[in-house]
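**Student:** Provided herewith: upload-v7.tsv, TSV, C-alpha atoms.
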```tsv
chain	number	residue	atom	x	y	z
A	217	MET	CA	25.13	27.76	-9.58
A	218	ARG	CA	26.46	24.41	-8.41
A	219	ALA	CA	24.35	21.38	-9.21
A	220	ILE	CA	24.53	17.64	-9.74
A	221	GLN	CA	24.10	16.37	-13.28
A	222	VAL	CA	23.69	12.92	-14.82
A	223	THR	CA	24.80	12.52	-18.43
A	224	ARG	CA	24.58	8.71	-18.58
A	225	TYR	CA	22.78	6.09	-16.54
A	226	GLY	CA	24.79	3.97	-14.16
A	227	GLY	CA	26.07	3.69	-10.61
A	228	PRO	CA	26.40	6.54	-8.09
A	229	ALA	CA	29.61	7.75	-9.75
A	230	VAL	CA	27.56	9.22	-12.63
A	231	LEU	CA	26.30	11.93	-10.23
A	232	ALA	CA	28.72	14.69	-11.25
A	233	PRO	CA	29.05	18.14	-9.61
A	234	VAL	CA	28.84	20.84	-12.31
A	235	ASP	CA	28.40	24.57	-12.76
A	236	LEU	CA	25.16	25.48	-14.55
A	237	PRO	CA	23.52	28.81	-15.40
A	238	ASP	CA	21.29	30.23	-12.69
A	239	PRO	CA	17.62	29.49	-13.43
A	240	GLN	CA	15.28	32.38	-14.24
A	241	ALA	CA	11.70	32.42	-12.98
A	242	GLY	CA	9.11	32.41	-15.75
A	243	THR	CA	5.43	33.30	-15.59
A	244	GLY	CA	3.88	31.81	-12.46
A	245	GLU	CA	7.25	30.60	-11.22
A	246	VAL	CA	9.75	31.39	-8.48
A	247	VAL	CA	13.39	30.56	-7.82
A	248	VAL	CA	14.16	29.00	-4.44
A	249	ARG	CA	17.61	29.04	-2.85
A	250	ALA	CA	17.82	25.53	-1.45
A	251	GLU	CA	18.97	25.05	2.13
A	252	ALA	CA	18.17	21.32	2.35
A	253	ILE	CA	17.41	18.89	-0.47
A	254	ASP	CA	15.30	15.77	-0.11
A	255	THR	CA	16.54	12.38	-1.28
A	256	ILE	CA	14.39	9.34	-1.98
A	257	TYR	CA	15.26	5.82	-3.09
A	258	LEU	CA	13.44	6.28	-6.39
A	259	GLU	CA	16.17	8.70	-7.49
A	260	THR	CA	18.72	5.87	-7.30
A	261	GLN	CA	16.53	3.77	-9.58
A	262	ILE	CA	16.06	6.58	-12.10
A	263	ARG	CA	19.82	7.18	-12.10
A	264	GLY	CA	20.37	3.46	-12.60
A	265	GLY	CA	18.31	3.36	-15.79
A	266	TRP	CA	14.64	3.90	-15.02
A	267	GLY	CA	14.67	7.42	-16.50
A	268	GLU	CA	12.44	6.76	-19.50
A	269	VAL	CA	9.78	5.22	-17.28
A	270	PHE	CA	9.49	8.52	-15.41
A	271	GLY	CA	9.84	10.85	-18.36
A	272	VAL	CA	13.45	11.78	-17.65
A	273	THR	CA	15.84	12.45	-20.54
A	274	LEU	CA	19.61	12.76	-20.41
A	275	PRO	CA	21.32	14.92	-19.33
A	276	TYR	CA	19.31	15.80	-16.24
A	277	VAL	CA	19.63	17.24	-12.74
A	278	PRO	CA	18.18	14.73	-10.25
A	279	GLY	CA	15.83	15.50	-7.42
A	280	GLY	CA	12.19	16.31	-6.91
A	281	ALA	CA	11.85	18.46	-3.78
A	282	ALA	CA	13.75	20.78	-1.44
A	283	ALA	CA	13.27	23.41	1.24
A	284	GLY	CA	14.65	26.93	1.16
A	285	THR	CA	13.85	30.59	0.61
A	286	VAL	CA	12.23	32.28	-2.40
A	287	VAL	CA	14.83	34.65	-3.89
A	288	SER	CA	13.13	35.76	-7.11
A	289	THR	CA	9.68	35.71	-8.69
A	290	GLY	CA	8.39	35.67	-12.25
A	291	SER	CA	5.54	37.62	-13.77
A	292	GLY	CA	2.14	37.01	-12.28
A	293	VAL	CA	3.56	35.89	-8.92
A	294	PRO	CA	2.50	37.87	-5.83
A	295	GLU	CA	5.42	39.73	-4.24
A	296	SER	CA	4.40	38.20	-0.90
A	297	TRP	CA	6.23	35.01	-1.92
A	298	LEU	CA	9.58	36.80	-2.02
A	299	GLY	CA	11.69	35.94	1.02
A	300	ARG	CA	9.33	33.26	2.29
A	301	ARG	CA	10.55	29.92	3.63
A	302	VAL	CA	9.00	27.21	1.49
A	303	VAL	CA	9.10	23.64	0.36
A	304	ALA	CA	9.36	23.21	-3.40
A	305	GLY	CA	7.20	20.14	-3.36
A	306	PRO	CA	7.03	16.88	-5.32
A	307	GLY	CA	6.75	17.47	-9.03
A	308	THR	CA	9.56	20.00	-8.93
A	309	ARG	CA	12.35	18.86	-11.24
A	310	GLY	CA	16.09	19.32	-10.74
A	311	SER	CA	16.32	19.95	-7.01
A	312	TYR	CA	19.92	18.66	-6.65
A	313	ALA	CA	21.07	22.26	-7.07
A	314	GLU	CA	21.71	25.49	-5.19
A	315	LEU	CA	18.86	27.25	-7.01
A	316	ILE	CA	15.57	25.62	-8.00
A	317	ARG	CA	12.90	26.93	-10.35
A	318	THR	CA	9.35	25.80	-9.64
A	319	GLY	CA	5.77	26.89	-10.10
A	320	THR	CA	3.82	28.53	-7.30
A	321	ASP	CA	1.39	25.60	-7.48
A	322	ARG	CA	4.18	23.46	-5.97
A	323	LEU	CA	5.06	25.82	-3.11
A	324	VAL	CA	4.20	24.96	0.48
A	325	PRO	CA	4.89	27.59	3.18
A	326	VAL	CA	7.00	26.27	6.06
A	327	PRO	CA	5.43	27.02	9.47
A	328	ASP	CA	7.31	29.26	11.88
A	329	GLY	CA	9.46	27.24	14.23
A	330	LEU	CA	9.97	24.31	11.87
A	331	ASP	CA	13.57	23.83	10.75
A	332	LEU	CA	14.09	23.78	6.98
A	333	ARG	CA	15.96	20.49	7.22
A	334	ALA	CA	12.91	18.88	8.83
A	335	ALA	CA	10.71	20.46	6.18
A	336	ALA	CA	12.88	19.01	3.40
A	337	ALA	CA	12.78	15.58	5.02
A	338	LEU	CA	8.97	15.72	4.88
A	339	ALA	CA	8.76	17.01	1.32
A	340	HIS	CA	8.14	13.63	-0.30
A	341	ASP	CA	7.65	11.22	2.56
A	342	GLY	CA	5.32	13.44	4.57
A	343	VAL	CA	3.03	13.82	1.57
A	344	THR	CA	3.05	10.13	0.71
A	345	ALA	CA	2.70	8.88	4.30
A	346	THR	CA	-0.22	11.21	5.00
A	347	GLY	CA	-1.89	10.21	1.74
A	348	ILE	CA	-1.41	6.51	2.47
A	349	ILE	CA	-2.98	6.79	5.91
A	350	ASP	CA	-5.93	8.71	4.50
A	351	GLY	CA	-6.34	6.18	1.68
A	352	VAL	CA	-6.32	2.94	3.66
A	353	GLY	CA	-8.34	4.36	6.55
A	354	VAL	CA	-6.40	3.12	9.58
A	355	LYS	CA	-8.70	2.78	12.61
A	356	PRO	CA	-8.08	2.34	16.34
A	357	GLY	CA	-7.45	-1.30	17.10
A	358	ASP	CA	-6.36	-2.23	13.57
A	359	ARG	CA	-3.45	-4.65	13.32
A	360	VAL	CA	-1.00	-2.88	11.01
A	361	LEU	CA	2.18	-4.34	9.51
A	362	ILE	CA	4.68	-1.82	8.09
A	363	LEU	CA	7.43	-3.09	5.77
A	364	GLY	CA	10.46	-0.84	5.49
A	365	ALA	CA	9.55	0.68	8.84
A	366	ALA	CA	12.99	2.24	9.39
A	367	GLY	CA	13.09	4.19	6.13
A	368	GLY	CA	12.28	7.86	5.69
A	369	MET	CA	8.60	7.20	5.06
A	370	GLY	CA	8.37	4.10	7.22
A	371	THR	CA	9.42	6.03	10.31
A	372	LEU	CA	6.61	8.52	9.64
A	373	LEU	CA	4.06	5.76	9.08
A	374	VAL	CA	4.99	4.12	12.39
A	375	GLN	CA	4.34	7.39	14.22
A	376	LEU	CA	1.09	8.19	12.40
A	377	VAL	CA	-0.38	4.71	12.81
A	378	HIS	CA	0.60	4.60	16.50
A	379	GLN	CA	-1.12	7.94	17.11
A	380	LEU	CA	-4.33	6.58	15.57
A	381	GLY	CA	-4.49	3.88	18.22
A	382	ALA	CA	-3.67	0.92	15.98
A	383	GLN	CA	-1.41	-1.98	16.90
A	384	VAL	CA	1.84	-1.60	14.97
A	385	VAL	CA	4.38	-4.23	13.96
A	386	GLY	CA	7.35	-2.67	12.20
A	387	ALA	CA	9.49	-4.84	9.92
A	388	ALA	CA	13.03	-3.78	9.00
A	389	ARG	CA	16.55	-5.22	8.96
A	390	GLY	CA	19.17	-5.16	11.71
A	391	ALA	CA	19.20	-4.32	15.40
A	392	VAL	CA	19.87	-0.59	14.99
A	393	LYS	CA	16.90	-0.06	12.69
A	394	LEU	CA	14.61	-2.23	14.79
A	395	ALA	CA	15.51	-0.28	17.93
A	396	LEU	CA	14.65	2.97	16.15
A	397	VAL	CA	11.27	1.62	15.02
A	398	ARG	CA	10.50	0.52	18.56
A	399	ARG	CA	11.35	3.98	19.94
A	400	LEU	CA	8.99	5.59	17.44
A	401	GLY	CA	6.02	3.69	18.82
A	402	ALA	CA	5.87	0.22	17.27
A	403	ASP	CA	4.33	-2.38	19.58
A	404	ALA	CA	6.63	-5.05	18.16
A	405	VAL	CA	9.45	-5.27	15.62
A	406	VAL	CA	10.49	-8.05	13.26
A	407	ASP	CA	13.67	-8.54	11.24
A	408	TYR	CA	12.55	-9.61	7.78
A	409	THR	CA	16.00	-10.92	6.88
A	410	GLU	CA	15.48	-13.81	9.30
A	411	ASP	CA	13.95	-17.12	8.32
A	412	ASN	CA	10.27	-17.53	9.19
A	413	TRP	CA	9.88	-13.80	9.81
A	414	THR	CA	6.21	-14.04	8.90
A	415	ASP	CA	5.71	-16.44	11.82
A	416	ALA	CA	7.12	-13.74	14.10
A	417	VAL	CA	4.57	-11.27	12.71
A	418	ARG	CA	1.73	-13.71	13.41
A	419	ALA	CA	3.00	-14.22	16.94
A	420	ALA	CA	3.23	-10.48	17.55
A	421	PHE	CA	-0.45	-10.16	16.62
A	422	GLY	CA	-1.43	-13.09	18.84
A	423	GLY	CA	-2.00	-15.40	15.90
A	424	LEU	CA	-4.48	-13.03	14.27
A	425	PRO	CA	-4.17	-11.83	10.67
A	426	VAL	CA	-3.06	-8.38	9.53
A	427	ASP	CA	-5.82	-5.80	8.95
A	428	VAL	CA	-3.62	-3.30	7.12
A	429	LEU	CA	-0.35	-3.91	5.26
A	430	LEU	CA	1.75	-0.87	4.41
A	431	ASP	CA	4.38	-2.23	2.02
A	432	GLY	CA	7.30	0.08	1.28
A	433	VAL	CA	9.60	-2.75	0.12
A	434	GLY	CA	7.85	-4.83	-2.52
A	435	GLY	CA	9.34	-7.87	-4.19
A	436	ALA	CA	9.36	-11.23	-2.44
A	437	LEU	CA	9.02	-9.68	1.01
A	438	GLY	CA	5.91	-7.80	-0.02
A	439	THR	CA	4.41	-10.94	-1.53
A	440	GLN	CA	5.08	-12.91	1.66
A	441	ALA	CA	3.52	-10.18	3.77
A	442	PHE	CA	0.43	-10.09	1.55
A	443	HIS	CA	-0.41	-13.65	2.59
A	444	LEU	CA	-0.70	-12.44	6.20
A	445	VAL	CA	-3.57	-10.07	5.37
A	446	ALA	CA	-7.05	-10.88	6.62
A	447	ASP	CA	-10.06	-11.29	4.35
A	448	GLY	CA	-11.45	-7.79	3.84
A	449	GLY	CA	-8.09	-6.25	4.73
A	450	ARG	CA	-6.42	-3.24	3.14
A	451	VAL	CA	-3.03	-3.09	1.45
A	452	SER	CA	-0.90	-0.19	0.30
A	453	SER	CA	1.77	-1.51	-2.08
A	454	HIS	CA	3.67	1.75	-2.57
A	455	GLY	CA	7.33	0.79	-2.49
A	456	ALA	CA	9.83	-1.07	-4.63
A	457	ALA	CA	13.05	-0.70	-2.65
A	458	SER	CA	13.69	-4.37	-3.40
A	459	GLY	CA	13.70	-3.60	-7.12
A	460	ASP	CA	10.11	-4.60	-7.87
A	461	PHE	CA	6.62	-4.12	-6.50
A	462	ALA	CA	5.02	-7.00	-4.63
A	463	THR	CA	3.10	-9.58	-6.64
A	464	THR	CA	-0.43	-10.27	-5.47
A	465	ASP	CA	-2.76	-13.06	-6.50
A	466	GLN	CA	-5.49	-11.02	-8.21
A	467	GLN	CA	-8.05	-13.83	-8.05
A	468	SER	CA	-7.38	-14.37	-4.36
A	469	THR	CA	-7.50	-10.64	-3.75
A	470	GLY	CA	-10.94	-10.34	-5.27
A	471	SER	CA	-12.44	-13.42	-3.64
A	472	ARG	CA	-11.11	-12.42	-0.21
A	473	GLY	CA	-12.29	-8.83	-0.48
A	474	ILE	CA	-8.83	-7.33	0.02
A	475	VAL	CA	-8.53	-3.74	-1.16
A	476	VAL	CA	-5.13	-3.06	-2.74
A	477	ARG	CA	-3.84	0.46	-3.38
A	478	GLY	CA	-0.74	0.82	-5.54
A	479	ILE	CA	1.89	3.39	-6.42
A	480	ALA	CA	-0.55	5.20	-8.73
A	481	ASP	CA	-2.76	5.97	-5.72
A	482	VAL	CA	-0.04	8.08	-4.11
A	483	GLN	CA	0.78	10.18	-7.16
A	484	PHE	CA	-0.91	13.45	-6.25
A	485	GLU	CA	-1.73	16.45	-8.38
A	486	ALA	CA	-0.48	19.80	-7.13
A	487	PRO	CA	-3.54	20.82	-5.05
A	488	ASP	CA	-3.62	17.53	-3.11
A	489	MET	CA	0.18	17.54	-2.79
A	490	VAL	CA	0.10	21.02	-1.24
A	491	ARG	CA	-2.74	20.02	1.11
A	492	LEU	CA	-1.00	16.86	2.30
A	493	ALA	CA	2.38	18.58	2.62
A	494	GLY	CA	0.80	21.38	4.61
A	495	LYS	CA	-0.71	18.88	7.02
A	496	ALA	CA	2.60	17.04	7.43
A	497	LEU	CA	4.50	20.27	8.08
A	498	THR	CA	1.86	21.46	10.55
A	499	ASP	CA	2.00	18.15	12.41
A	500	ALA	CA	5.80	18.38	12.59
A	501	ALA	CA	5.72	21.99	13.81
A	502	ALA	CA	3.29	20.93	16.55
A	503	GLY	CA	5.51	18.01	17.58
A	504	ARG	CA	3.00	15.33	16.58
A	505	VAL	CA	5.44	13.73	14.16
A	506	ARG	CA	9.15	14.08	13.54
A	507	PRO	CA	11.21	13.05	10.55
A	508	VAL	CA	14.29	11.00	11.36
A	509	ILE	CA	17.27	12.63	9.66
A	510	ALA	CA	20.09	10.13	9.84
A	511	GLN	CA	22.71	11.74	7.63
A	512	GLU	CA	23.44	15.03	5.87
A	513	TYR	CA	25.77	15.19	2.87
A	514	PRO	CA	27.22	18.20	1.06
A	515	LEU	CA	25.55	18.57	-2.33
A	516	SER	CA	28.85	17.67	-4.02
A	517	MET	CA	28.74	14.27	-2.27
A	518	ALA	CA	25.37	13.21	-3.68
A	519	ALA	CA	27.02	10.00	-4.91
A	520	ASP	CA	27.80	9.03	-1.33
A	521	ALA	CA	24.17	9.60	-0.35
A	522	HIS	CA	23.03	7.31	-3.16
A	523	ARG	CA	25.54	4.64	-2.14
A	524	ALA	CA	24.24	4.73	1.43
A	525	MET	CA	20.61	4.49	0.30
A	526	GLU	CA	21.36	1.54	-1.95
A	527	ALA	CA	23.28	-0.19	0.83
A	528	ARG	CA	20.25	0.26	3.15
A	529	SER	CA	22.66	1.70	5.72
A	530	ILE	CA	20.58	4.76	6.63
A	531	PRO	CA	17.84	4.49	9.28
A	532	GLY	CA	15.57	7.39	8.29
A	533	LYS	CA	16.37	10.18	5.84
A	534	ALA	CA	19.47	11.40	4.08
A	535	LEU	CA	19.55	15.07	3.02
A	536	LEU	CA	21.81	17.03	0.69
A	537	ILE	CA	23.01	20.41	1.93
A	538	PRO	CA	24.20	22.97	-0.67
```
Starting from the coordinates I provided, produce the structure as C-alpha cells.
**Tutor:**
Amino acid sequence: MRAIQVTRYGGPAVLAPVDLPDPQAGTGEVVVRAEAIDTIYLETQIRGGWGEVFGVTLPYVPGGAAAGTVVSTGSGVPESWLGRRVVAGPGTRGSYAELIRTGTDRLVPVPDGLDLRAAAALAHDGVTATGIIDGVGVKPGDRVLILGAAGGMGTLLVQLVHQLGAQVVGAARGAVKLALVRRLGADAVVDYTEDNWTDAVRAAFGGLPVDVLLDGVGGALGTQAFHLVADGGRVSSHGAASGDFATTDQQSTGSRGIVVRGIADVQFEAPDMVRLAGKALTDAAAGRVRPVIAQEYPLSMAADAHRAMEARSIPGKALLIP
C-alpha cells in the first residue's frame, strides 16, 4: 500500500510517500480502505519534534483518523462489519495510508446519506467540539468568545454554540476567515491580529464580560482572552496552534471562581469517543452542522497540506485523499 512515513523530525519535507506492506487485521481488529483522511494541526507539531510527548517513535506513519470502508476483519469480529462505511476514530494510529488497521472499539458507522469526506472532517474535530460543548455547558444567552473560529474545530463550535442560543463572537485572522465565521452564525467577528482586539470583543458584547471562552489558539492570544472572562465564567483551553497553551493566573482563577478545562479534558476513551463521534455524524447527516472542507490533497502531497496548516492559510479543514 501507499503511505506517508516520517523517519526524522523536521519540516513538512520529511513527510515521504513510501510503499509499505498491507496491514493484516488481528484479533478484534479490521482493515479499512481509506477514502478520506483527517488532518489536524497537532500532526504538524508531532512531525516537528513533539513525537516523544505523544508516545510516537521513529519511523512512523502520521495520522489518527480516517473514513472509508471495512475490507477485512480479524478473528472475533462480527462479519457484519465487512463492507460497512465507517470512521476509524481518534486513537487509530497511522491513518496517512491507503489501508488502516484499527480495533472495532474505534469504529463509528457513517450514517446513510453522509459523504465520507464530511465524515472524515468530523473524525477528530466533531468529537472534540461536541465534548467541549458538553463540558462547559453552554446555555442560551451566554456570551461566548471562540478563538480560532475559522479552523476545522472552530467552525463547528461556532455552529453548535449558535444553535444553543448563545451570543457568539468569533475571533480569527483576515477578512476571508472572518466572513466565513460570520456566515456560520457568529453574531460578531474580530480579527485578533489587530491592535486592541480585546476592546473590539468587549464592544461586541456591549461592554459585558465573556461567560464562556473556547480557546483553540493558546499562547499570548489565549492569555489575553482569559482576562475578558467574567467571574464564575467557564474556559476551555484546548488548543495550542500558537505553539503553546494559554497561561492563566491560577490564583486569580480560583478567587474569581472561573472553571478552566484543559486539553486533558478532551482526551476521550474509546466508548466516549464513539458516542461523541456518533452524535457529530448524526447531526451532520441531519443538516444541523456541516464541516467546512477548504482543501483536498492527494495523499502523496501530505507535505503541502502541512505547509498550508502551518501557514494558517486554510479556513476550515484540509483532507488527504488516497
**Student:** Which is closer to Ala366 (chain A) than all the others in A:Ala501, A:Val433, A:Val417, A:Val326, using only C-alpha atoms?
**Tutor:**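 With only C-alpha atoms as the atom set, the closest residue is A:Val433.
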**Student:** Using all atoms listed in the file, determine which residues lie at most 10 Å from Asp350 (chain A), disregarding the query and same-chain residues fewer than 5 positions distant; provide the list as number ranges by chain.
**Tutor:** A: 344-345, 492
**Student:** Save the residues we just selected, C-alpha atoms, as a short mmCIF file (atom, residue, chain, number, x, y, z; two decimals), in the frame of the given file?
**Tutor:**
```
data_model
loop_
_atom_site.label_atom_id
_atom_site.label_comp_id
_atom_site.auth_asym_id
_atom_site.auth_seq_id
_atom_site.Cartn_x
_atom_site.Cartn_y
_atom_site.Cartn_z
CA THR A 344 3.05 10.13 0.71
CA ALA A 345 2.70 8.88 4.30
CA LEU A 492 -1.00 16.86 2.30
#
```
**Student:** Mind checking which residues fall within 9 Å of Thr414 (chain A), counting only C-alpha atoms, ignoring those fewer than 5 positions away in the same chain, and posting them as number ranges by chain?
**Tutor:** A: 406, 408, 419, 440-441, 444
**Student:** Which residues are near Val385 (chain A)? Cut-off 10 Å, all atoms listed in the file, ignore same chain within fewer than 5 positions. Put them as an mmCIF file with C-alpha atoms, in the frame of the given file.
**Tutor:**
```
data_model
loop_
_atom_site.group_PDB
_atom_site.id
_atom_site.type_symbol
_atom_site.label_atom_id
_atom_site.label_comp_id
_atom_site.auth_asym_id
_atom_site.auth_seq_id
_atom_site.Cartn_x
_atom_site.Cartn_y
_atom_site.Cartn_z
ATOM 1 C CA ARG A 359 -3.450 -4.650 13.320
ATOM 2 C CA VAL A 360 -1.000 -2.880 11.010
ATOM 3 C CA LEU A 361 2.180 -4.340 9.510
ATOM 4 C CA ILE A 362 4.680 -1.820 8.090
ATOM 5 C CA LEU A 363 7.430 -3.090 5.770
ATOM 6 C CA ALA A 365 9.550 0.680 8.840
ATOM 7 C CA VAL A 374 4.990 4.120 12.390
ATOM 8 C CA HIS A 378 0.600 4.600 16.500
ATOM 9 C CA VAL A 397 11.270 1.620 15.020
ATOM 10 C CA ARG A 398 10.500 0.520 18.560
ATOM 11 C CA GLY A 401 6.020 3.690 18.820
ATOM 12 C CA ALA A 402 5.870 0.220 17.270
ATOM 13 C CA ASP A 403 4.330 -2.380 19.580
ATOM 14 C CA ALA A 404 6.630 -5.050 18.160
ATOM 15 C CA VAL A 405 9.450 -5.270 15.620
ATOM 16 C CA VAL A 406 10.490 -8.050 13.260
ATOM 17 C CA ALA A 416 7.120 -13.740 14.100
ATOM 18 C CA VAL A 417 4.570 -11.270 12.710
ATOM 19 C CA ARG A 418 1.730 -13.710 13.410
ATOM 20 C CA ALA A 420 3.230 -10.480 17.550
ATOM 21 C CA PHE A 421 -0.450 -10.160 16.620
ATOM 22 C CA VAL A 426 -3.060 -8.380 9.530
ATOM 23 C CA LEU A 429 -0.350 -3.910 5.260
#
```
**Student:** Could you name the residues that touch Asp427 (chain A) at 8 Å or less, counting all atoms listed in the file, but leaving out those on the same chain fewer than 5 positions away, as a PDB file with C-alpha atoms, keeping the file's coordinate frame?
**Tutor:**
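After the write, selection-v3.pdb holds the following:
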```pdb
ATOM      1  CA  ASP A 358      -6.360  -2.230  13.570  1.00  0.00           C
ATOM      2  CA  ARG A 359      -3.450  -4.650  13.320  1.00  0.00           C
ATOM      3  CA  VAL A 360      -1.000  -2.880  11.010  1.00  0.00           C
ATOM      4  CA  VAL A 445      -3.570 -10.070   5.370  1.00  0.00           C
ATOM      5  CA  ALA A 446      -7.050 -10.880   6.620  1.00  0.00           C
ATOM      6  CA  GLY A 448     -11.450  -7.790   3.840  1.00  0.00           C
ATOM      7  CA  GLY A 449      -8.090  -6.250   4.730  1.00  0.00           C
ATOM      8  CA  ARG A 450      -6.420  -3.240   3.140  1.00  0.00           C
TER       9      ARG A 450
END
```
**Student:** Could you pull the residues within 10 Å of Gln483 (chain A), counting only C-alpha atoms, minus those fewer than 6 positions along the same chain, as a PyMOL selection string?
**Tutor:** chain A and resi 306-307+343-344+347+489
**Student:** Which is closest to Met369 (chain A) among A:Val392, A:Met217, A:Ile509, A:Val277, if we use all atoms listed in the file?
**Tutor:**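 Once distances to Met369 (chain A) are computed over all atoms listed in the file, the minimum belongs to A:Ile509.
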**Student:** Record the distance separating CA of His443 (chain A) and CA of Gln383 (chain A), expressed in Å with one decimal.
**Tutor:**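 Separating CA of His443 (chain A) from CA of Gln383 (chain A) is a distance of 18.5 Å.
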**Student:** Figure out the distance between CA of Gly532 (chain A) and CA of Gln511 (chain A), please, to one decimal in Å.
**Tutor:**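 Taking CA of Gln511 (chain A) as the start and CA of Gly532 (chain A) as the end point, the length is 8.4 Å.
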**Student:** Compute the distance from (11.8, 27.1, 12.4) to each atom, counting all atoms listed in the file, keep the residues with any atom at most 12 Å away, and return them as a list in words; use the coordinates of the file.
**Tutor:**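 Returned residue set, sorted by chain then number, is Ala283, Gly284, Arg301, Val302, Pro325, Val326, Pro327, Asp328, Gly329, Leu330, Asp331, Leu332, Arg333, Ala334, Ala335, Leu497, Thr498, Ala500, Ala501 and Ala502 of chain A.
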**Student:** Using all atoms listed in the file, find the one residue out of A:Asp415, A:Glu245, A:Asp238, A:Glu410 that sits nearest to Gly319 (chain A).
**Tutor:**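 So, comparing all the options, the nearest one is A:Glu245.
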